[in-house]
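Each remark here refers to the structure printed beneath this line.
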Amino acid sequence: METLTYERSGGTPVARRAHVGVVASGDLELLLEPADTGLRVRVATTAGGYGETWRAVFDRFFAREPIAASIEINDFGATPAVVALRLEQALEAAR
Amino acid sequence: MTIEPSFAEASARERARAILDAGTFRELLDPFARVASPHLAAQGLVAQSDDGVVVARGALAGVDAVAIATEGRFLGGSIGEVGGAKIAGALELAARDLRAGRAFRPVLLIDSGGIRVQEANLALLALAEIHDAILACERYAPVVALIGGRVGAYGGMAIATALCRTIAMSEGARYGLNGPEVVEEEAGIAELDSRDRPRIWRISGGRARVAQGVAQMLVEDTHAACRAAVLAAFGDVEARV
């Protein structure tokens with residue numbers, strides 16, 4: 001198991017918290033909570049050694065959606081596409 | 001044409017919401033309470049923030065109720081120390097209300113392989129507490145179990161199911177003390193080939209278990225049918241849509 005963190009400054013606060021997904025094979029659980037400023041993501045994953053891939057997914061997603069929030073991800077081997085979809089789903093639920 | 005949502009494909013949270021009266025769902029110790037298992041990380045496993053158990057207060061046909069649902073996709077719906085304590089605690093509170101003469105309806109929405117082996121004796125103890133609490137409720141009023149998921153009800157959660165007054169199952173659900181792979185491992189492939197899916201469902205599937213009299217109600221795999229079955233088990237009839 002590996003724990004990763006990702007941070008960005010600025011961003012627009014999300015309206016409310018949201019919970020999506022499940023810690024199941026090829027999937028992840030995501031908890032999104034409002035923050036006054038900045039973005040902080042914490043990832044716990046069973047698949048170690050993919051730090052650069054996570055960073056690339058977050059860079060691309062949050063460049064398009066600059067939010068201020070606190071995000072916690074519990075991952076069980078979700079692919080980058082699934083990660084992006086879960087982020088999108090959580091953001092939609094938090095609007 | 002609209003396709004009715006499948007109960008088996010729904011998450012534990014969606015199942016609890018679908019069973020309770022519309023607008024009454026109120027979750028206790030939700031994911032943001034972060035009451036997760038403290039034992040999994042040390043074993044290289046990622047914990048889920050609700051430990052795979054959803055406890056929701058609400059109403060059933062206007063009567064106070066608690067819907068308890070296990071998430072079959074997280075570690076096979078296994079019961080660990082924390083998730084087990086959530087279930088046992090909810091049922092103990094239900095028993096307290098019933099003992100005091102209040103009307104209360106506990107419902108178990110089961111999709112679980114039984115104890116979580118990673119949590120060993122703590123999980124076994126939690127299951128003993130669940131069994132005890134179901135019996136405490138059953139002295140005063142029915143507890144209803146609905147097996148409507150892809151995993152089914154096995155091991156300690158099969159025992160919990162057996163202690164309930166009424167057991168409802170969907171056709172795709174399974175119910176048995178030992179799972180097919182355990183039976184094959186212990187008794188040999190001549191006893192049961194765990195890859196022989198038709199045979200497994202002929203023995204432990206919903207239709208078979210109702211025909212055997214082991215379960216009482218066979219329900220269609222839709223939210224509406226599952227809710228109607230739970231209400232009927234408590235003696236209420238809701239007009240089918």
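Following the order of the structure tokens, chains are lettered A, B, ..., residues in each are numbered from 1, and ligands are numbered from 1.
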
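Using only C-alpha atoms, we find that the part of chain A lying within 8 Å of chain B comprises Met1, His19, Val22, Val23, Ala24, Ser25, Glu29, Leu31, Ala44, Thr45, Thr46, Asn74, Asp75 and Phe76 of chain A.
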
Residues of segment 50-129 of chain B in strand (DSSP E) according to DSSP, as number ranges by chain?
-> B: 53-60, 63-70, 105-110

How about saving the chosen residues, N, CA and C atoms kept, as a short mmCIF file (atom, residue, chain, number, x, y, z; two decimals), in the first residue's frame?
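The resulting file, again30.cif, is shown below:
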```cif
data_model
loop_
_atom_site.label_atom_id
_atom_site.label_comp_id
_atom_site.auth_asym_id
_atom_site.auth_seq_id
_atom_site.Cartn_x
_atom_site.Cartn_y
_atom_site.Cartn_z
N VAL B 53 -20.29 -0.96 5.55
CA VAL B 53 -21.60 -1.14 6.19
C VAL B 53 -22.33 0.19 6.23
N VAL B 54 -23.58 0.18 5.77
CA VAL B 54 -24.42 1.38 5.81
C VAL B 54 -25.54 1.14 6.82
N VAL B 55 -25.63 2.02 7.81
CA VAL B 55 -26.72 1.96 8.79
C VAL B 55 -27.56 3.21 8.59
N ALA B 56 -28.82 3.03 8.25
CA ALA B 56 -29.69 4.19 7.99
C ALA B 56 -30.98 4.10 8.78
N ARG B 57 -31.26 5.17 9.53
CA ARG B 57 -32.55 5.29 10.19
C ARG B 57 -33.53 5.85 9.18
N GLY B 58 -34.81 5.57 9.40
CA GLY B 58 -35.85 6.06 8.52
C GLY B 58 -37.16 5.46 8.94
N ALA B 59 -38.08 5.34 7.99
CA ALA B 59 -39.38 4.76 8.30
C ALA B 59 -39.74 3.71 7.25
N LEU B 60 -40.58 2.76 7.68
CA LEU B 60 -41.13 1.75 6.76
C LEU B 60 -42.64 1.80 6.95
N VAL B 63 -43.60 3.57 10.07
CA VAL B 63 -43.10 3.06 11.35
C VAL B 63 -41.58 3.25 11.40
N ASP B 64 -41.06 3.70 12.55
CA ASP B 64 -39.61 3.88 12.70
C ASP B 64 -38.86 2.60 12.32
N ALA B 65 -37.77 2.77 11.60
CA ALA B 65 -37.05 1.60 11.10
C ALA B 65 -35.56 1.87 11.01
N VAL B 66 -34.79 0.79 10.92
CA VAL B 66 -33.37 0.91 10.60
C VAL B 66 -33.08 -0.08 9.47
N ALA B 67 -32.44 0.42 8.42
CA ALA B 67 -32.03 -0.44 7.32
C ALA B 67 -30.51 -0.58 7.39
N ILE B 68 -30.04 -1.82 7.45
CA ILE B 68 -28.61 -2.09 7.57
C ILE B 68 -28.18 -2.83 6.31
N ALA B 69 -27.27 -2.24 5.55
CA ALA B 69 -26.86 -2.85 4.27
C ALA B 69 -25.36 -3.06 4.23
N THR B 70 -24.93 -4.22 3.70
CA THR B 70 -23.50 -4.47 3.56
C THR B 70 -23.10 -4.31 2.09
N ARG B 105 -38.83 -1.34 13.24
CA ARG B 105 -38.64 -2.35 12.19
C ARG B 105 -37.18 -2.44 11.74
N PRO B 106 -36.45 -3.45 12.19
CA PRO B 106 -35.07 -3.64 11.71
C PRO B 106 -35.04 -4.50 10.43
N VAL B 107 -34.30 -4.03 9.44
CA VAL B 107 -34.17 -4.76 8.17
C VAL B 107 -32.70 -4.94 7.85
N LEU B 108 -32.32 -6.16 7.50
CA LEU B 108 -30.94 -6.43 7.08
C LEU B 108 -30.93 -6.64 5.57
N LEU B 109 -30.15 -5.84 4.87
CA LEU B 109 -30.01 -5.98 3.42
C LEU B 109 -28.63 -6.59 3.19
N ILE B 110 -28.62 -7.91 3.08
CA ILE B 110 -27.36 -8.64 3.17
C ILE B 110 -26.73 -8.95 1.82
#
```

DSSP helix (DSSP H, G or I) residues within segment 25-144 of chain B, listed as a VMD selection string | chain B and resid 31 to 33 41 to 43 75 to 77 81 to 99 117 to 138

Contacts of segment 83-87 of chain A within 12 Å, only C-alpha atoms, excl. fewer than 3 positions in-chain, as a VMD selection string = chain A and resid 18 to 22 26 to 32 41 43 45 53 to 62 64 to 65 67 69 71 to 80 90 to 94

From atom CA of Met217 of chain B to atom CA of Ala160 of chain B the spacing works out at 17.0 Å

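The gap separating atom CA of Ala225 of chain B from atom CA of Ala61 of chain B is 14.7 Å, in Å to one decimal.
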
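The gap separating atom CA of His223 of chain B from atom CA of Gly62 of chain B is 18.2 Å, in Å to one decimal.
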
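Among the candidates B:Ile115, B:Val230, B:Ile189, B:Ala10, the one nearest to Arg165 of chain B when counting only C-alpha atoms is B:Val230.
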
Which neighbours of Arg150 of chain B fall inside 8 Å, counting only C-alpha atoms, when residues of the same chain fewer than 4 positions from it are skipped, and could you give them as number ranges by chain?
-> B: 8-9, 72, 111, 172-174
